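Each remark here refers to the structure printed beneath this line.
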Amino acid sequence: MIRRVVFVTFFIFIAAHAFAQAPKPVEIRKSLVRITATSQEPDYKVPWNPGAMSVGVGAGFVIDGDRIMTNAHVVSNARFIVVEKEDDPQHYPATVQFVGHDCDLAVLRVLDKGFFQNTRPLSTGGIPAIESPVSVYGYPIGGERLSVTRGIISRIDFQTYTHSGIDSHLAVQIDAAINPGNSGGPVMQDGKVVGVAFQGYSGDVAQNVGYMIPTPVIRRFLKDISNGRYDGYVDLSLTYFKLVNPAERRGLGLPDNEQGVMVSSVSSAGCSFGILQQGDVLLTIDNLPIASDGFVQLDGERVEMPEIVERKFKGDKVKFDILRNKTKQTVEMQLSGNWPYLIQANRYDTPPRFVLFGGLVFQPLSKNFMDAYQVDDMRLRYFYNFFVTDEIFKSHPEVIVLSNILPDPVNAYLSDLRFQIVDDINDKKIRTLEDMAAAFAQKSDYYVIHFVGSVRPAVLERSAVERARDRIIGNYNVQREQYVEGGLK
Amino acid sequence: MRAFRAILIAIWVLQTAAGAAEPTPKEAPAPEEQKGSVVRVNSTNQAFDFSRPWSKAAPFSRRGLGVLIDGNNILVTAELVANSDYIELERADGGEKTTATVQVIDYEANLATLRSTNPKFLDGMQPLETTTDVKTGDELSVLQLESNGTPVSTKALVTTVEVGKYALEDSGYLMFRMSCPLQFRENSFTLPIVKGNKLAAFLMRYDSRSQTIDAIASPVIQHFLVESQHDPYRGFPRAGLGFSPTRDPQLRRYLKLRDADGGVYVNQVDQNGPAAKAGVKEGDVLVAIDDKQVDPDGNYLHPIYGKLSITHLTTTEVYSGQSVVMTVVRNGERQQLHVELFRRPIEDYAVEPYTIGKHPHYYILGGLVFQELTRQYLREWGANWLKDAPQRLVYYDRFQSDLLPAKRKIVFLSQILPTEDTVGYEQLSNLVVSKLNGRDILSLDDFAAAAKNPVAGFHKIEFEEDPHEIYLDAKQVEEGSDQLQKTY
């Protein structure tokens, strides 16, 4: 299935003429904010380039503490942000105070405090009932000014948040039209915010399917940042298998009571490592029984087990009753994030990391990298797809790829090594981009680069590299030769 | 899962050259002496269905021309008769028919010999000799038959002589590339190409847009025919090494190579292959094979064909059991190694690169279908199988020599035939098995043996990946096996 999701904020529609009559004032006018962000998308193919500029429009709303809430994707990679409110001609510059790319939410500050005069902060409600009506406010395409659409709650379910592309959280589907420019706008019911409009399907895939971020996710974000830092979601970093098969249940020594799921794998980079192991049966989580299909009963609702962890924060604890080798045990663990997953997440607000040496461009493997290069190389695709499951991160915390070659006499015979993964340089293992930069900084007559799965090295003579340096920088307009800060781990 | 007929490669069918219909002056009636050497070969083939290993795919037929080589033996391409159920010979002059059987078939070299079941059938026909004297710029003739049996010959200009890819991904042998405006006729597989009155090549692929022919070259045909006399047929040998060029002056200085030495960098040596057995090591620089100097790109100078890949020297110029002397430079010193060449049997690969003409191995345990991984299975995902097939299996196939010890096979759960025993397992597929009932699984034979010994009334199946372990009730599996066969 191809899932095409648009949450495009990149349309600016210029009205041909002003309306003769202003619309009737509504309460929401005091809370709604129009956000115009000028952003620069990093260029992973030419990593020293500043990237192409684009301007996008989205919505936001005032919350307590003189803050504006919107979607992370409205202000990602932003260089300059301007906010406007209804009934005020002035444009106010704003900055991002906190951004959660894993939950697609952000909080903005406005430098001029006068902005918040006569505004009314909105408060959040609960999860609205299925079939109940909601109103969506924002600045979607089709005009310049405030727009309202109405709809009902269609479905409440876990969804992939396309902004990061890897995180799944609770999301609420509504049938009100959500269009480019609605992003970040409040979804209201009974005068309270019940969600933030954030993504939908393109019209040629599905009709009237829009999604909003529900209040549990919003509240969690606000609570997470209340200590002045966004830590992000925590994760058990394990996979589990539903225990529906009777033989499997008996094989594991379980009674026929439809309870328990089996731990399939435990990531060595996560908080369950050393506490849970493959084959353990999880019976309860924080004293709530886990059904054999992985659901638990929480506040009168059946939710999937990870939802318990979703609501927790870094450093919080979670307790399991388990069955290990047919013996009951209780284990507890302190929750943390799981960094290896981030290799498959979209990254924002950070320049592409790279090292350039002798016209060879080395970059760490990442989602943005794969999107930019569309690599066919089988080994590289394996390292990317199985980085987490096969724990490739243990030997290669970063997978450093010879991603590009700027043709020059110094590298004239190396073109067939493109997209190979660096194993060592001068017999020193390369585990991170920092290792790479350090290896090239070390003085040596030869730089002998070995690649994974191949004995043939790339050999660069220092004298030749030094002679080529200015030539390459000049010919290819290289603005800088490396950027190594900000690794995943 | 998208199931496709297992075919060797995608582009071997001659396409109708629409628009090329106007008569071409290069076409002419074939000379008298060749008429009596070709025979129509109609083959009905049926490939095994690797996604349902107990069944065969729908039959299809292929037609081509065979060449009489001696007595009762007809030479054709292997593609024509791959997975054949029924082969029919038809005389060009009279139209009489008889059946034939495959004598020797080599899928790697894409050649096969057939024998007529009626010894008298080919009486009066003239065997065709082969010639290796073909140079770039020569004009050869491609033979075809009109539907009424009249032979037609089309001129083809030899543009390139090189080692190129044959029908299978891994096999490369000498190939004649020709430029030729060929019209589509009913015989689409195996067309003989002659020089004068001698067989020079066999058409293997024709691209109607660029009007180019890739043809099996006569040295390959001769090698096959000579080897066919040997019982058992041992195939084309391989040195079992991979190499890369040493043109880069920085690399040459680092390796302390003299410019006069040429040579290629040995990048990979097959475990237990001829090169490995002779002591060739990864990192050696191969500078000569016998008295032939190897240039930095891996070519040598052939007396007739000019620059050719050294692959030709170790696959086609020598026969299995013969030796070559490889001169390598290791740590700046020259060494001479005697490499006895042989072909690595297909069964020796962890993942068989091709499986043609034989049943895929499989084992069904309580509705769970287990198979040994073959590339033929991955090809069921179609032309784009490298990207579309399950990636872990593709990865095992692609890097088997790095990843897998010799003799290890990959046993995997290919699919589920839903029964009561498999409730909750429906979503599982293409999972590599590590253990069954506590026993390491290195082959399907291991699996079958371990399936005889359930532990405490259960079959415990362990996978290399999620969910890592599942259970089947041994008694239920036994009771259910008849029912399973009836339902599916």
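For the structure tokens, the naming scheme is as follows: chains receive sequential letters (A, B, ...) according to their order of presentation, residues are indexed from 1 within each chain, and ligands are indexed from 1 in presentation order.
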Show which residues sit within 7 Å of A:Thr124, as an MDAnalysis selection string. Count only C-alpha atoms, and ignore same-chain residues fewer than 5 positions away. chainID A and resid 192:194 215
Written file, previous selection with C-alpha atoms, as a PDB file, in the first residue's frame:
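Produced file selection-v6.pdb, reproduced below:
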ATOM      1  CA  LYS A 192     -11.587  23.307  24.433  1.00  0.00           C
ATOM      2  CA  VAL A 193      -8.737  22.044  22.309  1.00  0.00           C
ATOM      3  CA  VAL A 194      -9.192  18.326  21.669  1.00  0.00           C
ATOM      4  CA  THR A 215      -4.619  15.603  23.991  1.00  0.00           C
TER       5      THR A 215
END
What's the 7 Å shell around B:Val81, counting only C-alpha atoms, without same-chain residues fewer than 3 positions away, as a PyMOL selection string? chain B and resi 43+45+78+84
Give me, as a PDB file with N, CA and C atoms, in the first residue's frame, the contact residues of chain B against chain A at a cut-off of 6 Å, counting only C-alpha atoms.
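File produced: iface_10.pdb:
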ATOM      1  N   ASP B 248      45.099   2.519 -10.616  1.00  0.00           N
ATOM      2  CA  ASP B 248      45.350   3.690  -9.770  1.00  0.00           C
ATOM      3  C   ASP B 248      46.825   3.777  -9.379  1.00  0.00           C
ATOM      4  N   LEU B 251      47.552   3.394  -5.679  1.00  0.00           N
ATOM      5  CA  LEU B 251      47.444   2.009  -5.213  1.00  0.00           C
ATOM      6  C   LEU B 251      48.687   1.221  -5.616  1.00  0.00           C
ATOM      7  N   ASN B 267      40.540  -9.691  -5.014  1.00  0.00           N
ATOM      8  CA  ASN B 267      39.644  -9.070  -4.035  1.00  0.00           C
ATOM      9  C   ASN B 267      38.871 -10.109  -3.248  1.00  0.00           C
ATOM     10  N   VAL B 423      -3.028 -21.296  14.041  1.00  0.00           N
ATOM     11  CA  VAL B 423      -3.714 -20.089  14.520  1.00  0.00           C
ATOM     12  C   VAL B 423      -2.696 -19.179  15.210  1.00  0.00           C
ATOM     13  N   GLY B 424      -2.709 -17.920  14.848  1.00  0.00           N
ATOM     14  CA  GLY B 424      -1.769 -16.976  15.454  1.00  0.00           C
ATOM     15  C   GLY B 424      -0.454 -16.891  14.706  1.00  0.00           C
ATOM     16  N   ASP B 466      12.465 -12.295  14.664  1.00  0.00           N
ATOM     17  CA  ASP B 466      11.154 -12.315  15.335  1.00  0.00           C
ATOM     18  C   ASP B 466      10.189 -13.237  14.607  1.00  0.00           C
ATOM     19  N   PRO B 467       9.394 -14.018  15.317  1.00  0.00           N
ATOM     20  CA  PRO B 467       9.227 -14.053  16.784  1.00  0.00           C
ATOM     21  C   PRO B 467      10.225 -14.960  17.516  1.00  0.00           C
ATOM     22  N   HIS B 468      11.233 -15.438  16.841  1.00  0.00           N
ATOM     23  CA  HIS B 468      12.306 -16.241  17.437  1.00  0.00           C
ATOM     24  C   HIS B 468      11.909 -17.652  17.844  1.00  0.00           C
ATOM     25  N   ILE B 470       8.438 -20.567  18.006  1.00  0.00           N
ATOM     26  CA  ILE B 470       7.024 -20.951  18.010  1.00  0.00           C
ATOM     27  C   ILE B 470       6.943 -22.445  18.304  1.00  0.00           C
ATOM     28  N   TYR B 471       5.738 -22.872  18.661  1.00  0.00           N
ATOM     29  CA  TYR B 471       5.536 -24.270  19.049  1.00  0.00           C
ATOM     30  C   TYR B 471       4.405 -24.885  18.234  1.00  0.00           C
ATOM     31  N   LEU B 472       4.540 -26.180  17.977  1.00  0.00           N
ATOM     32  CA  LEU B 472       3.452 -26.953  17.397  1.00  0.00           C
ATOM     33  C   LEU B 472       3.236 -28.170  18.277  1.00  0.00           C
ATOM     34  N   ASP B 473       1.982 -28.586  18.391  1.00  0.00           N
ATOM     35  CA  ASP B 473       1.670 -29.784  19.146  1.00  0.00           C
ATOM     36  C   ASP B 473       1.993 -30.993  18.262  1.00  0.00           C
TER      37      ASP B 473
END
Neighbour list for B:Tyr107 as a PDB file with N, CA and C atoms, in the first residue's frame, cut-off 12 Å, only C-alpha atoms, skip fewer than 5 positions in-chain:
ATOM      1  N   LEU B   8      14.665 -17.921 -16.730  1.00  0.00           N
ATOM      2  CA  LEU B   8      16.093 -17.684 -16.539  1.00  0.00           C
ATOM      3  C   LEU B   8      16.399 -16.204 -16.528  1.00  0.00           C
ATOM      4  N   ILE B   9      16.061 -15.518 -17.576  1.00  0.00           N
ATOM      5  CA  ILE B   9      16.259 -14.084 -17.602  1.00  0.00           C
ATOM      6  C   ILE B   9      15.122 -13.471 -18.377  1.00  0.00           C
ATOM      7  N   VAL B  76      21.744 -27.348 -29.185  1.00  0.00           N
ATOM      8  CA  VAL B  76      20.812 -26.213 -29.006  1.00  0.00           C
ATOM      9  C   VAL B  76      21.281 -25.401 -27.800  1.00  0.00           C
ATOM     10  N   THR B  77      20.601 -24.262 -27.540  1.00  0.00           N
ATOM     11  CA  THR B  77      20.891 -23.548 -26.294  1.00  0.00           C
ATOM     12  C   THR B  77      20.151 -24.252 -25.155  1.00  0.00           C
ATOM     13  N   ALA B  78      20.712 -24.126 -23.963  1.00  0.00           N
ATOM     14  CA  ALA B  78      20.082 -24.756 -22.797  1.00  0.00           C
ATOM     15  C   ALA B  78      18.735 -24.104 -22.501  1.00  0.00           C
ATOM     16  N   GLU B  79      18.629 -22.809 -22.772  1.00  0.00           N
ATOM     17  CA  GLU B  79      17.370 -22.095 -22.501  1.00  0.00           C
ATOM     18  C   GLU B  79      16.201 -22.723 -23.240  1.00  0.00           C
ATOM     19  N   LEU B  80      16.472 -23.181 -24.455  1.00  0.00           N
ATOM     20  CA  LEU B  80      15.403 -23.738 -25.282  1.00  0.00           C
ATOM     21  C   LEU B  80      14.751 -24.934 -24.604  1.00  0.00           C
ATOM     22  N   VAL B  81      15.554 -25.733 -23.924  1.00  0.00           N
ATOM     23  CA  VAL B  81      15.016 -26.981 -23.377  1.00  0.00           C
ATOM     24  C   VAL B  81      15.069 -27.027 -21.851  1.00  0.00           C
ATOM     25  N   ALA B  82      15.260 -25.852 -21.219  1.00  0.00           N
ATOM     26  CA  ALA B  82      15.279 -25.829 -19.754  1.00  0.00           C
ATOM     27  C   ALA B  82      13.921 -26.256 -19.214  1.00  0.00           C
ATOM     28  N   ASN B  83      13.891 -27.119 -18.228  1.00  0.00           N
ATOM     29  CA  ASN B  83      12.660 -27.631 -17.628  1.00  0.00           C
ATOM     30  C   ASN B  83      11.739 -28.292 -18.662  1.00  0.00           C
ATOM     31  N   ALA B 112      23.184 -27.254 -24.830  1.00  0.00           N
ATOM     32  CA  ALA B 112      22.695 -28.604 -24.563  1.00  0.00           C
ATOM     33  C   ALA B 112      22.795 -29.431 -25.836  1.00  0.00           C
ATOM     34  N   THR B 113      22.994 -30.739 -25.659  1.00  0.00           N
ATOM     35  CA  THR B 113      22.892 -31.630 -26.815  1.00  0.00           C
ATOM     36  C   THR B 113      21.662 -32.508 -26.631  1.00  0.00           C
ATOM     37  N   TYR B 166      26.085 -14.453 -19.588  1.00  0.00           N
ATOM     38  CA  TYR B 166      25.229 -15.414 -20.274  1.00  0.00           C
ATOM     39  C   TYR B 166      23.832 -15.390 -19.650  1.00  0.00           C
ATOM     40  N   ALA B 167      23.135 -16.491 -19.729  1.00  0.00           N
ATOM     41  CA  ALA B 167      21.742 -16.468 -19.286  1.00  0.00           C
ATOM     42  C   ALA B 167      21.603 -16.287 -17.782  1.00  0.00           C
ATOM     43  N   LEU B 168      22.563 -16.751 -17.009  1.00  0.00           N
ATOM     44  CA  LEU B 168      22.483 -16.639 -15.559  1.00  0.00           C
ATOM     45  C   LEU B 168      23.365 -15.488 -15.097  1.00  0.00           C
ATOM     46  N   GLU B 169      22.983 -14.888 -13.969  1.00  0.00           N
ATOM     47  CA  GLU B 169      23.703 -13.695 -13.486  1.00  0.00           C
ATOM     48  C   GLU B 169      25.196 -13.946 -13.314  1.00  0.00           C
ATOM     49  N   ASP B 170      25.536 -15.133 -12.817  1.00  0.00           N
ATOM     50  CA  ASP B 170      26.908 -15.358 -12.387  1.00  0.00           C
ATOM     51  C   ASP B 170      27.830 -15.876 -13.477  1.00  0.00           C
ATOM     52  N   SER B 171      27.287 -16.243 -14.626  1.00  0.00           N
ATOM     53  CA  SER B 171      28.171 -16.877 -15.596  1.00  0.00           C
ATOM     54  C   SER B 171      28.496 -15.944 -16.740  1.00  0.00           C
ATOM     55  N   GLY B 172      29.789 -15.778 -16.964  1.00  0.00           N
ATOM     56  CA  GLY B 172      30.260 -14.961 -18.066  1.00  0.00           C
ATOM     57  C   GLY B 172      31.253 -15.751 -18.901  1.00  0.00           C
ATOM     58  N   PHE B 224      32.339 -27.032 -24.845  1.00  0.00           N
ATOM     59  CA  PHE B 224      31.186 -27.826 -24.400  1.00  0.00           C
ATOM     60  C   PHE B 224      31.166 -29.181 -25.104  1.00  0.00           C
ATOM     61  N   GLY B 235      31.508 -29.799 -16.711  1.00  0.00           N
ATOM     62  CA  GLY B 235      31.200 -28.377 -16.832  1.00  0.00           C
ATOM     63  C   GLY B 235      32.420 -27.522 -17.100  1.00  0.00           C
ATOM     64  N   PHE B 236      32.197 -26.222 -17.112  1.00  0.00           N
ATOM     65  CA  PHE B 236      33.275 -25.250 -17.333  1.00  0.00           C
ATOM     66  C   PHE B 236      33.910 -24.940 -15.987  1.00  0.00           C
ATOM     67  N   ILE B 346      26.860 -27.146  -8.235  1.00  0.00           N
ATOM     68  CA  ILE B 346      25.810 -26.218  -7.847  1.00  0.00           C
ATOM     69  C   ILE B 346      25.297 -26.546  -6.447  1.00  0.00           C
ATOM     70  N   PRO B 353      22.581 -20.908  -6.989  1.00  0.00           N
ATOM     71  CA  PRO B 353      22.334 -19.764  -7.866  1.00  0.00           C
ATOM     72  C   PRO B 353      21.253 -20.036  -8.908  1.00  0.00           C
ATOM     73  N   TYR B 354      21.044 -21.293  -9.256  1.00  0.00           N
ATOM     74  CA  TYR B 354      19.918 -21.608 -10.132  1.00  0.00           C
ATOM     75  C   TYR B 354      19.463 -23.032  -9.830  1.00  0.00           C
ATOM     76  N   THR B 355      18.207 -23.278 -10.014  1.00  0.00           N
ATOM     77  CA  THR B 355      17.654 -24.607  -9.792  1.00  0.00           C
ATOM     78  C   THR B 355      16.725 -24.876 -10.956  1.00  0.00           C
ATOM     79  N   ILE B 356      17.212 -25.632 -11.916  1.00  0.00           N
ATOM     80  CA  ILE B 356      16.428 -25.863 -13.123  1.00  0.00           C
ATOM     81  C   ILE B 356      16.319 -27.366 -13.322  1.00  0.00           C
ATOM     82  N   GLY B 357      15.139 -27.775 -13.721  1.00  0.00           N
ATOM     83  CA  GLY B 357      14.972 -29.175 -14.069  1.00  0.00           C
ATOM     84  C   GLY B 357      14.923 -30.088 -12.870  1.00  0.00           C
TER      85      GLY B 357
END
What's around B:Thr136 at 8 Å? Count only C-alpha atoms, leave out sequence neighbours fewer than 5 positions away in its own chain, and write the answer as a PDB file with C-alpha atoms, in the first residue's frame.
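And here is the file that came out, part.pdb:
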ATOM      1  CA  LEU B 157      28.589  -7.988 -38.626  1.00  0.00           C
ATOM      2  CA  VAL B 158      30.805  -8.928 -35.692  1.00  0.00           C
ATOM      3  CA  THR B 159      31.360  -5.732 -33.712  1.00  0.00           C
ATOM      4  CA  THR B 160      32.818  -6.971 -30.426  1.00  0.00           C
ATOM      5  CA  VAL B 161      34.409 -10.084 -29.042  1.00  0.00           C
ATOM      6  CA  TYR B 305      40.374 -11.959 -30.415  1.00  0.00           C
TER       7      TYR B 305
END
Spatial neighbours of B:Arg40, 12 Å, only C-alpha atoms, chain gap at least 4 places, as a compact mmCIF listing (two decimals) with C-alpha atoms, in the first residue's frame:
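Generated output (selection26.txt):
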# COMPACT_ATOMS: atom_id res chain seq x y z
CA LYS B 35 20.15 -26.76 -45.36
CA GLY B 36 20.93 -30.28 -44.40
CA ARG B 62 9.62 -22.72 -27.20
CA ARG B 63 10.85 -23.21 -30.71
CA GLY B 64 14.31 -22.97 -32.10
CA LEU B 65 16.75 -24.45 -34.54
CA GLY B 66 19.19 -27.15 -33.62
CA VAL B 67 22.38 -27.99 -35.42
CA LEU B 68 23.45 -31.53 -36.22
CA ILE B 74 21.70 -31.99 -32.04
CA LEU B 75 23.15 -28.88 -30.43
CA VAL B 76 20.81 -26.21 -29.01
CA LEU B 80 15.40 -23.74 -25.28
CA ILE B 87 11.02 -32.28 -27.01
CA GLU B 88 10.13 -32.72 -30.65
CA LEU B 89 12.45 -32.58 -33.67
CA GLU B 90 11.08 -31.58 -37.05
CA ARG B 91 13.00 -31.88 -40.30
CA ALA B 92 13.24 -28.67 -42.26
CA ASP B 93 12.97 -30.33 -45.66
CA GLY B 94 10.13 -32.80 -45.18
CA GLY B 95 8.39 -31.85 -41.97
CA GLU B 96 8.62 -35.33 -40.37
CA LYS B 97 8.72 -35.31 -36.62
CA THR B 98 10.24 -37.38 -33.87
CA THR B 99 10.95 -36.96 -30.20
CA ALA B 100 14.29 -36.30 -28.58
CA LEU B 114 19.78 -33.58 -27.76
CA LEU B 122 18.54 -37.60 -39.11
CA LEU B 143 20.17 -19.03 -40.12
CA GLN B 144 16.39 -19.10 -39.88
CA LEU B 145 13.67 -21.17 -41.50
CA GLU B 146 10.60 -19.87 -43.26
CA SER B 147 7.39 -21.55 -42.18
CA ASN B 148 7.51 -23.66 -45.33
CA GLY B 149 10.95 -24.90 -44.39
CA THR B 150 12.95 -22.71 -46.71
CA PRO B 151 16.16 -21.63 -45.04
CA GLU B 186 8.63 -18.56 -35.52
CA ASN B 187 11.93 -19.96 -34.31
CA SER B 188 12.75 -17.64 -31.50
CA PHE B 189 15.30 -19.60 -29.48
CA THR B 190 18.65 -20.89 -30.66
CA LEU B 191 19.55 -19.69 -34.08
CA PRO B 192 22.79 -20.98 -35.57
Helix (DSSP H, G or I) residues, from DSSP on the backbone, in stretch 188-388 of chain A, as a PyMOL selection string: chain A and resi 215-225+246-251+306-310+339-344+367-373+378-385
Would you save the residues of that selection, restricted to N, CA and C atoms, as a compact mmCIF listing (two decimals), in the first residue's frame?
# COMPACT_ATOMS: atom_id res chain seq x y z
N THR A 215 -5.12 14.91 22.80
CA THR A 215 -4.62 15.60 23.99
C THR A 215 -3.64 14.80 24.86
N PRO A 216 -3.74 13.46 24.93
CA PRO A 216 -2.72 12.76 25.73
C PRO A 216 -1.31 13.05 25.20
N VAL A 217 -1.17 13.13 23.88
CA VAL A 217 0.14 13.40 23.28
C VAL A 217 0.53 14.86 23.53
N ILE A 218 -0.46 15.76 23.42
CA ILE A 218 -0.18 17.18 23.65
C ILE A 218 0.25 17.42 25.10
N ARG A 219 -0.51 16.81 26.01
CA ARG A 219 -0.20 17.02 27.44
C ARG A 219 1.16 16.43 27.79
N ARG A 220 1.45 15.27 27.18
CA ARG A 220 2.74 14.65 27.46
C ARG A 220 3.88 15.56 27.00
N PHE A 221 3.71 16.17 25.84
CA PHE A 221 4.73 17.08 25.31
C PHE A 221 4.94 18.26 26.26
N LEU A 222 3.80 18.85 26.69
CA LEU A 222 3.90 20.03 27.56
C LEU A 222 4.53 19.68 28.90
N LYS A 223 4.23 18.49 29.39
CA LYS A 223 4.80 18.09 30.66
C LYS A 223 6.30 17.81 30.49
N ASP A 224 6.65 17.17 29.38
CA ASP A 224 8.05 16.84 29.13
C ASP A 224 8.92 18.09 29.10
N ILE A 225 8.40 19.18 28.49
CA ILE A 225 9.22 20.39 28.36
C ILE A 225 9.18 21.25 29.63
N PRO A 246 -2.64 -22.10 20.73
CA PRO A 246 -2.75 -22.94 21.94
C PRO A 246 -1.48 -23.76 22.20
N ALA A 247 -0.87 -24.32 21.14
CA ALA A 247 0.33 -25.13 21.33
C ALA A 247 1.47 -24.27 21.86
N GLU A 248 1.56 -23.06 21.31
CA GLU A 248 2.62 -22.16 21.78
C GLU A 248 2.42 -21.83 23.26
N ARG A 249 1.18 -21.60 23.64
CA ARG A 249 0.90 -21.28 25.05
C ARG A 249 1.30 -22.44 25.94
N ARG A 250 0.92 -23.65 25.52
CA ARG A 250 1.25 -24.80 26.35
C ARG A 250 2.77 -25.03 26.35
N GLY A 251 3.37 -24.83 25.20
CA GLY A 251 4.83 -25.01 25.11
C GLY A 251 5.57 -24.09 26.05
N PRO A 306 1.96 -0.85 24.62
CA PRO A 306 2.93 0.26 24.60
C PRO A 306 2.34 1.60 25.02
N GLU A 307 1.00 1.72 24.97
CA GLU A 307 0.38 2.99 25.36
C GLU A 307 0.70 3.33 26.82
N ILE A 308 0.88 2.30 27.65
CA ILE A 308 1.26 2.53 29.05
C ILE A 308 2.60 3.26 29.10
N VAL A 309 3.51 2.80 28.26
CA VAL A 309 4.85 3.39 28.25
C VAL A 309 4.84 4.75 27.57
N GLU A 310 3.96 4.89 26.57
CA GLU A 310 3.84 6.15 25.84
C GLU A 310 3.61 7.34 26.78
N TRP A 339 18.20 5.01 20.86
CA TRP A 339 18.81 5.81 19.79
C TRP A 339 18.97 5.09 18.46
N PRO A 340 19.23 3.76 18.40
CA PRO A 340 19.48 3.20 17.06
C PRO A 340 18.32 3.40 16.08
N TYR A 341 17.08 3.46 16.62
CA TYR A 341 15.92 3.66 15.74
C TYR A 341 16.03 4.95 14.94
N LEU A 342 16.72 5.92 15.51
CA LEU A 342 16.73 7.24 14.88
C LEU A 342 17.39 7.23 13.51
N ILE A 343 18.15 6.18 13.21
CA ILE A 343 18.76 6.12 11.88
C ILE A 343 17.68 6.12 10.81
N GLN A 344 16.49 5.59 11.18
CA GLN A 344 15.41 5.51 10.19
C GLN A 344 14.40 6.65 10.35
N LYS A 367 18.14 8.19 7.37
CA LYS A 367 16.94 8.26 6.54
C LYS A 367 17.10 9.35 5.47
N ASN A 368 17.56 10.51 5.89
CA ASN A 368 17.72 11.61 4.93
C ASN A 368 18.71 11.23 3.83
N PHE A 369 19.76 10.51 4.22
CA PHE A 369 20.76 10.05 3.26
C PHE A 369 20.11 9.12 2.23
N MET A 370 19.36 8.13 2.72
CA MET A 370 18.75 7.16 1.81
C MET A 370 17.73 7.84 0.90
N ASP A 371 16.98 8.79 1.45
CA ASP A 371 16.00 9.52 0.62
C ASP A 371 16.70 10.31 -0.48
N ALA A 372 17.85 10.90 -0.14
CA ALA A 372 18.54 11.74 -1.10
C ALA A 372 19.19 10.92 -2.20
N TYR A 373 19.77 9.79 -1.83
CA TYR A 373 20.57 9.05 -2.82
C TYR A 373 19.82 7.89 -3.48
N MET A 378 23.13 -3.38 -2.33
CA MET A 378 22.48 -4.36 -1.46
C MET A 378 23.01 -4.32 -0.03
N ARG A 379 24.33 -4.19 0.11
CA ARG A 379 24.89 -4.22 1.45
C ARG A 379 24.46 -2.97 2.23
N LEU A 380 24.46 -1.85 1.53
CA LEU A 380 24.07 -0.60 2.19
C LEU A 380 22.60 -0.67 2.61
N ARG A 381 21.78 -1.22 1.77
CA ARG A 381 20.35 -1.34 2.13
C ARG A 381 20.18 -2.27 3.31
N TYR A 382 20.99 -3.34 3.35
CA TYR A 382 20.92 -4.25 4.50
C TYR A 382 21.33 -3.52 5.78
N PHE A 383 22.42 -2.79 5.72
CA PHE A 383 22.88 -2.07 6.91
C PHE A 383 21.82 -1.07 7.40
N TYR A 384 21.11 -0.50 6.46
CA TYR A 384 20.08 0.47 6.82
C TYR A 384 18.84 -0.24 7.40
N ASN A 385 18.35 -1.23 6.69
CA ASN A 385 17.10 -1.86 7.09
C ASN A 385 17.24 -2.71 8.35
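Interatomic distance, atom CA of A:Val96 to atom CA of A:Tyr233: 19.4 Å.
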All residues 10 Å or closer to stretch 372-386 of chain B, only C-alpha atoms, same chain fewer than 5 positions away omitted, as an MDAnalysis selection string: (chainID A and resid 376:378) or (chainID B and resid 1:10 48:53 349:356 360:363 391 393:398 409:414 430 432 442:445)
When DSSP works through the backbone of this structure, what residues of stretch 147-255 of chain B end up as strand (DSSP E), shown as a ChimeraX atom specification? /B:151-165,172-179,191-195,198-207,212-217,241-244
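Rounded to one decimal, atom CA of A:Leu146 and atom CA of A:Leu32 lie 8.4 Å from each other.
The gap separating atom CA of B:His302 from atom CA of B:Asn110 is 23.1 Å, in Å to one decimal.
Taking only C-alpha atoms into account, A:Ser403 lies nearest to A:Leu360 out of the set A:Val62, A:Ala439, A:Leu360, A:Leu105.
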